[in-house]
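Engineer: Structure file data.cif (mmCIF, C-alpha atoms, pLDDT in the B column; chains and numbers go by the auth columns) is given on the next line.
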data_final
loop_
_atom_site.group_PDB
_atom_site.id
_atom_site.type_symbol
_atom_site.label_atom_id
_atom_site.label_comp_id
_atom_site.label_asym_id
_atom_site.label_seq_id
_atom_site.Cartn_x
_atom_site.Cartn_y
_atom_site.Cartn_z
_atom_site.B_iso_or_equiv
_atom_site.auth_seq_id
_atom_site.auth_asym_id
ATOM 1 C CA LYS A 1 118.981 101.334 88.307 65.00 1 M
ATOM 2 C CA VAL A 2 116.070 103.420 89.572 62.00 2 M
ATOM 3 C CA CYS A 3 116.344 106.935 88.264 63.00 3 M
ATOM 4 C CA CYS A 4 117.045 109.627 90.828 71.00 4 M
ATOM 5 C CA ASP A 5 113.933 111.700 90.151 82.00 5 M
ATOM 6 C CA LYS A 6 111.699 108.865 91.373 88.00 6 M
ATOM 7 C CA LYS A 7 113.873 107.594 94.209 90.00 7 M
ATOM 8 C CA LYS A 8 112.436 109.812 96.963 92.00 8 M
ATOM 9 C CA GLU A 9 108.859 109.137 95.852 93.00 9 M
ATOM 10 C CA LEU A 10 109.518 105.394 95.877 95.00 10 M
ATOM 11 C CA GLN A 11 111.161 105.558 99.291 95.00 11 M
ATOM 12 C CA ASN A 12 108.140 107.427 100.670 95.00 12 M
ATOM 13 C CA ARG A 13 105.726 104.927 99.168 96.00 13 M
ATOM 14 C CA LEU A 14 107.739 102.016 100.543 96.00 14 M
ATOM 15 C CA ALA A 15 107.715 103.574 103.999 96.00 15 M
ATOM 16 C CA ARG A 16 103.916 103.768 103.837 95.00 16 M
ATOM 17 C CA VAL A 17 103.740 100.144 102.682 97.00 17 M
ATOM 18 C CA GLU A 18 105.969 99.147 105.572 97.00 18 M
ATOM 19 C CA GLY A 19 103.612 100.898 107.979 95.00 19 M
ATOM 20 C CA HIS A 20 100.578 99.173 106.492 95.00 20 M
ATOM 21 C CA LEU A 21 102.317 95.808 106.605 97.00 21 M
ATOM 22 C CA LYS A 22 103.126 96.293 110.285 97.00 22 M
ATOM 23 C CA LYS A 23 99.449 97.072 110.812 97.00 23 M
ATOM 24 C CA VAL A 24 98.497 93.759 109.154 97.00 24 M
ATOM 25 C CA LYS A 25 100.853 91.914 111.491 97.00 25 M
ATOM 26 C CA GLU A 26 99.423 93.720 114.524 98.00 26 M
ATOM 27 C CA MET A 27 95.900 92.910 113.414 98.00 27 M
ATOM 28 C CA ILE A 28 96.776 89.227 113.143 98.00 28 M
ATOM 29 C CA ASP A 29 98.566 89.308 116.505 98.00 29 M
ATOM 30 C CA HIS A 30 95.435 90.794 118.089 98.00 30 M
ATOM 31 C CA ASP A 31 92.979 88.451 116.334 97.00 31 M
ATOM 32 C CA ALA A 32 91.333 91.209 114.323 98.00 32 M
ATOM 33 C CA TYR A 33 88.276 90.518 112.207 98.00 33 M
ATOM 34 C CA CYS A 34 89.331 88.519 109.130 97.00 34 M
ATOM 35 C CA ILE A 35 87.794 90.863 106.567 98.00 35 M
ATOM 36 C CA ASP A 36 89.567 93.839 108.154 97.00 36 M
ATOM 37 C CA VAL A 37 92.897 92.000 107.907 97.00 37 M
ATOM 38 C CA ILE A 38 92.261 91.078 104.284 97.00 38 M
ATOM 39 C CA THR A 39 91.265 94.648 103.451 96.00 39 M
ATOM 40 C CA GLN A 40 94.494 95.962 104.950 96.00 40 M
ATOM 41 C CA SER A 41 96.520 93.270 103.162 96.00 41 M
ATOM 42 C CA LEU A 42 94.904 94.176 99.839 96.00 42 M
ATOM 43 C CA ALA A 43 95.881 97.806 100.414 95.00 43 M
ATOM 44 C CA VAL A 44 99.504 96.714 100.867 96.00 44 M
ATOM 45 C CA GLN A 45 99.379 94.675 97.663 95.00 45 M
ATOM 46 C CA SER A 46 97.838 97.565 95.742 95.00 46 M
ATOM 47 C CA ALA A 47 100.504 99.958 96.981 95.00 47 M
ATOM 48 C CA LEU A 48 103.245 97.537 95.939 96.00 48 M
ATOM 49 C CA ARG A 49 101.698 97.213 92.468 94.00 49 M
ATOM 50 C CA SER A 50 101.740 101.005 92.165 94.00 50 M
ATOM 51 C CA ILE A 51 105.419 101.039 93.061 95.00 51 M
ATOM 52 C CA ASP A 52 106.097 98.353 90.459 94.00 52 M
ATOM 53 C CA GLU A 53 104.278 100.398 87.832 93.00 53 M
ATOM 54 C CA ILE A 54 106.327 103.510 88.588 93.00 54 M
ATOM 55 C CA ILE A 55 109.574 101.548 88.309 92.00 55 M
ATOM 56 C CA LEU A 56 108.454 99.823 85.110 93.00 56 M
ATOM 57 C CA VAL A 57 107.467 103.079 83.412 92.00 57 M
ATOM 58 C CA LYS A 58 110.777 104.662 84.403 92.00 58 M
ATOM 59 C CA HIS A 59 112.613 101.589 83.084 92.00 59 M
ATOM 60 C CA MET A 60 110.841 101.888 79.737 93.00 60 M
ATOM 61 C CA GLU A 61 111.526 105.626 79.546 92.00 61 M
ATOM 62 C CA THR A 62 115.219 105.165 80.240 91.00 62 M
ATOM 63 C CA CYS A 63 116.776 101.719 79.825 90.00 63 M
ATOM 64 C CA VAL A 64 114.479 100.402 77.113 94.00 64 M
ATOM 65 C CA GLN A 65 114.428 103.654 75.174 94.00 65 M
ATOM 66 C CA ASP A 66 118.231 103.804 75.407 93.00 66 M
ATOM 67 C CA ALA A 67 118.541 100.243 74.068 94.00 67 M
ATOM 68 C CA PHE A 68 116.357 101.101 71.076 94.00 68 M
ATOM 69 C CA THR A 69 118.169 104.382 70.427 95.00 69 M
ATOM 70 C CA LYS A 70 121.597 102.733 70.557 96.00 70 M
ATOM 71 C CA LYS A 71 120.319 99.550 68.891 95.00 71 M
ATOM 72 C CA LYS A 72 122.011 97.567 71.647 95.00 72 M
ATOM 73 C CA ASP A 73 120.491 94.709 73.681 94.00 73 M
ATOM 74 C CA VAL A 74 117.034 95.366 72.211 95.00 74 M
ATOM 75 C CA ALA A 75 116.022 91.697 72.209 96.00 75 M
ATOM 76 C CA LYS A 76 117.170 91.350 75.816 95.00 76 M
ATOM 77 C CA LYS A 77 115.117 94.369 76.901 95.00 77 M
ATOM 78 C CA ILE A 78 112.036 93.047 75.110 95.00 78 M
ATOM 79 C CA GLN A 79 112.463 89.664 76.791 96.00 79 M
ATOM 80 C CA GLU A 80 112.873 91.320 80.207 95.00 80 M
ATOM 81 C CA LEU A 81 109.689 93.320 79.679 95.00 81 M
ATOM 82 C CA THR A 82 107.765 90.275 78.491 95.00 82 M
ATOM 83 C CA THR A 83 108.824 88.247 81.523 95.00 83 M
ATOM 84 C CA THR A 84 108.089 91.108 83.915 95.00 84 M
ATOM 85 C CA LEU A 85 104.645 91.776 82.439 93.00 85 M
ATOM 86 C CA LYS A 86 103.758 88.086 82.766 93.00 86 M
ATOM 87 C CA PHE A 87 104.641 88.225 86.476 90.00 87 M
ATOM 88 C CA MET A 88 102.705 91.454 86.961 88.00 88 M
ATOM 89 C CA ARG A 89 99.519 89.908 85.583 84.00 89 M
ATOM 90 C CA ARG A 90 99.463 87.242 88.297 81.00 90 M
#
Rewrite the structure from the file as structure tokens, please.
Structural biologist:
Amino acid sequence: KVCCDKKKELQNRLARVEGHLKKVKEMIDHDAYCIDVITQSLAVQSALRSIDEIILVKHMETCVQDAFTKKKDVAKKIQELTTTLKFMRR
């Protein structure tokens, strides 16, 4: 569950990503210069990584911290983080 204090920020960021992604599609539809398309696509990917980082930090500050405090599902949370970090490095 994404914590409420970050929800609006994430929604705003996702709206910007959506706009950039539409721009990439338009550029492809209009045969834009390849490097320009790639540059725009990289901006989308970077913005998505930033969103992932915000969600991950919030998850560690809430869900993971709660698991450690309550000594409940700690191994599961560690495994989730390990798996997620492996995916994020790709």
Engineer: Pull the neighbourhood of (102.2, 91.2, 83.1) for me: all residues within 12 Å in file coordinates, counting only C-alpha atoms, as a list in words.
Structural biologist: Arg49, Asp52, Glu53, Leu56, Glu80, Leu81, Thr82, Thr83, Thr84, Leu85, Lys86, Phe87, Met88, Arg89 and Arg90 of chain M
Engineer: Can you work out which one of M:Lys58, M:Lys6, M:Lys71, M:Lys25 has the shortest atom-to-atom distance to Val44 in chain M, counting only C-alpha atoms?
Structural biologist: M:Lys25
Engineer: Return the single residue from M:Asp66, M:Ala32, M:Thr39, M:Lys8 that is closest to His20 in chain M, with distances computed using only C-alpha atoms.
Structural biologist: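 Counting only C-alpha atoms, the residue closest to His20 in chain M is M:Thr39.
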Engineer: Using only C-alpha atoms, can you tell me which of M:Ser50, M:Lys77, M:Lys72, M:Ile55 comes closest to Arg13 in chain M?
Structural biologist: M:Ser50
Engineer: Would you pick out the contacts of Glu26 in chain M at 12 Å or less, using only C-alpha atoms, so that residues sharing its chain but fewer than 5 positions from it are not included, and give the list as an mmCIF file with C-alpha atoms, in the frame of the given file?
Structural biologist:
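Once written, out38.cif looks like this:
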data_model
loop_
_atom_site.group_PDB
_atom_site.id
_atom_site.type_symbol
_atom_site.label_atom_id
_atom_site.label_comp_id
_atom_site.auth_asym_id
_atom_site.auth_seq_id
_atom_site.Cartn_x
_atom_site.Cartn_y
_atom_site.Cartn_z
ATOM 1 C CA GLY M 19 103.612 100.898 107.979
ATOM 2 C CA HIS M 20 100.578 99.173 106.492
ATOM 3 C CA LEU M 21 102.317 95.808 106.605
ATOM 4 C CA ASP M 31 92.979 88.451 116.334
ATOM 5 C CA ALA M 32 91.333 91.209 114.323
ATOM 6 C CA TYR M 33 88.276 90.518 112.207
ATOM 7 C CA ASP M 36 89.567 93.839 108.154
ATOM 8 C CA VAL M 37 92.897 92.000 107.907
ATOM 9 C CA GLN M 40 94.494 95.962 104.950
ATOM 10 C CA SER M 41 96.520 93.270 103.162
#
Engineer: What separation in Å, quoted to one decimal, exists between CA of Lys7 in chain M and CA of Ile51 in chain M?
Structural biologist: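 If I compute the distance from CA of Lys7 in chain M to CA of Ile51 in chain M, I get 10.8 Å.
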Engineer: What is the CA of Arg16 in chain M to CA of Ile54 in chain M distance in Å?
Structural biologist: 15.4 Å
Engineer: Give me the box for range 6-20 of chain M as AutoDock Vina command-line options, namely the centre and edge lengths in Å to one decimal of a box along x, y and z that holds every listed atom plus 4 Å on each side.
Structural biologist:
--center_x 107.2 --center_y 104.5 --center_z 99.7 --size_x 21.3 --size_y 18.7 --size_z 24.6
Engineer: What does the distance between CA of Ile38 in chain M and CA of Asn12 in chain M come to in Å, to one decimal place?
Structural biologist: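 For CA of Ile38 in chain M relative to CA of Asn12 in chain M, the distance reads 23.1 Å.
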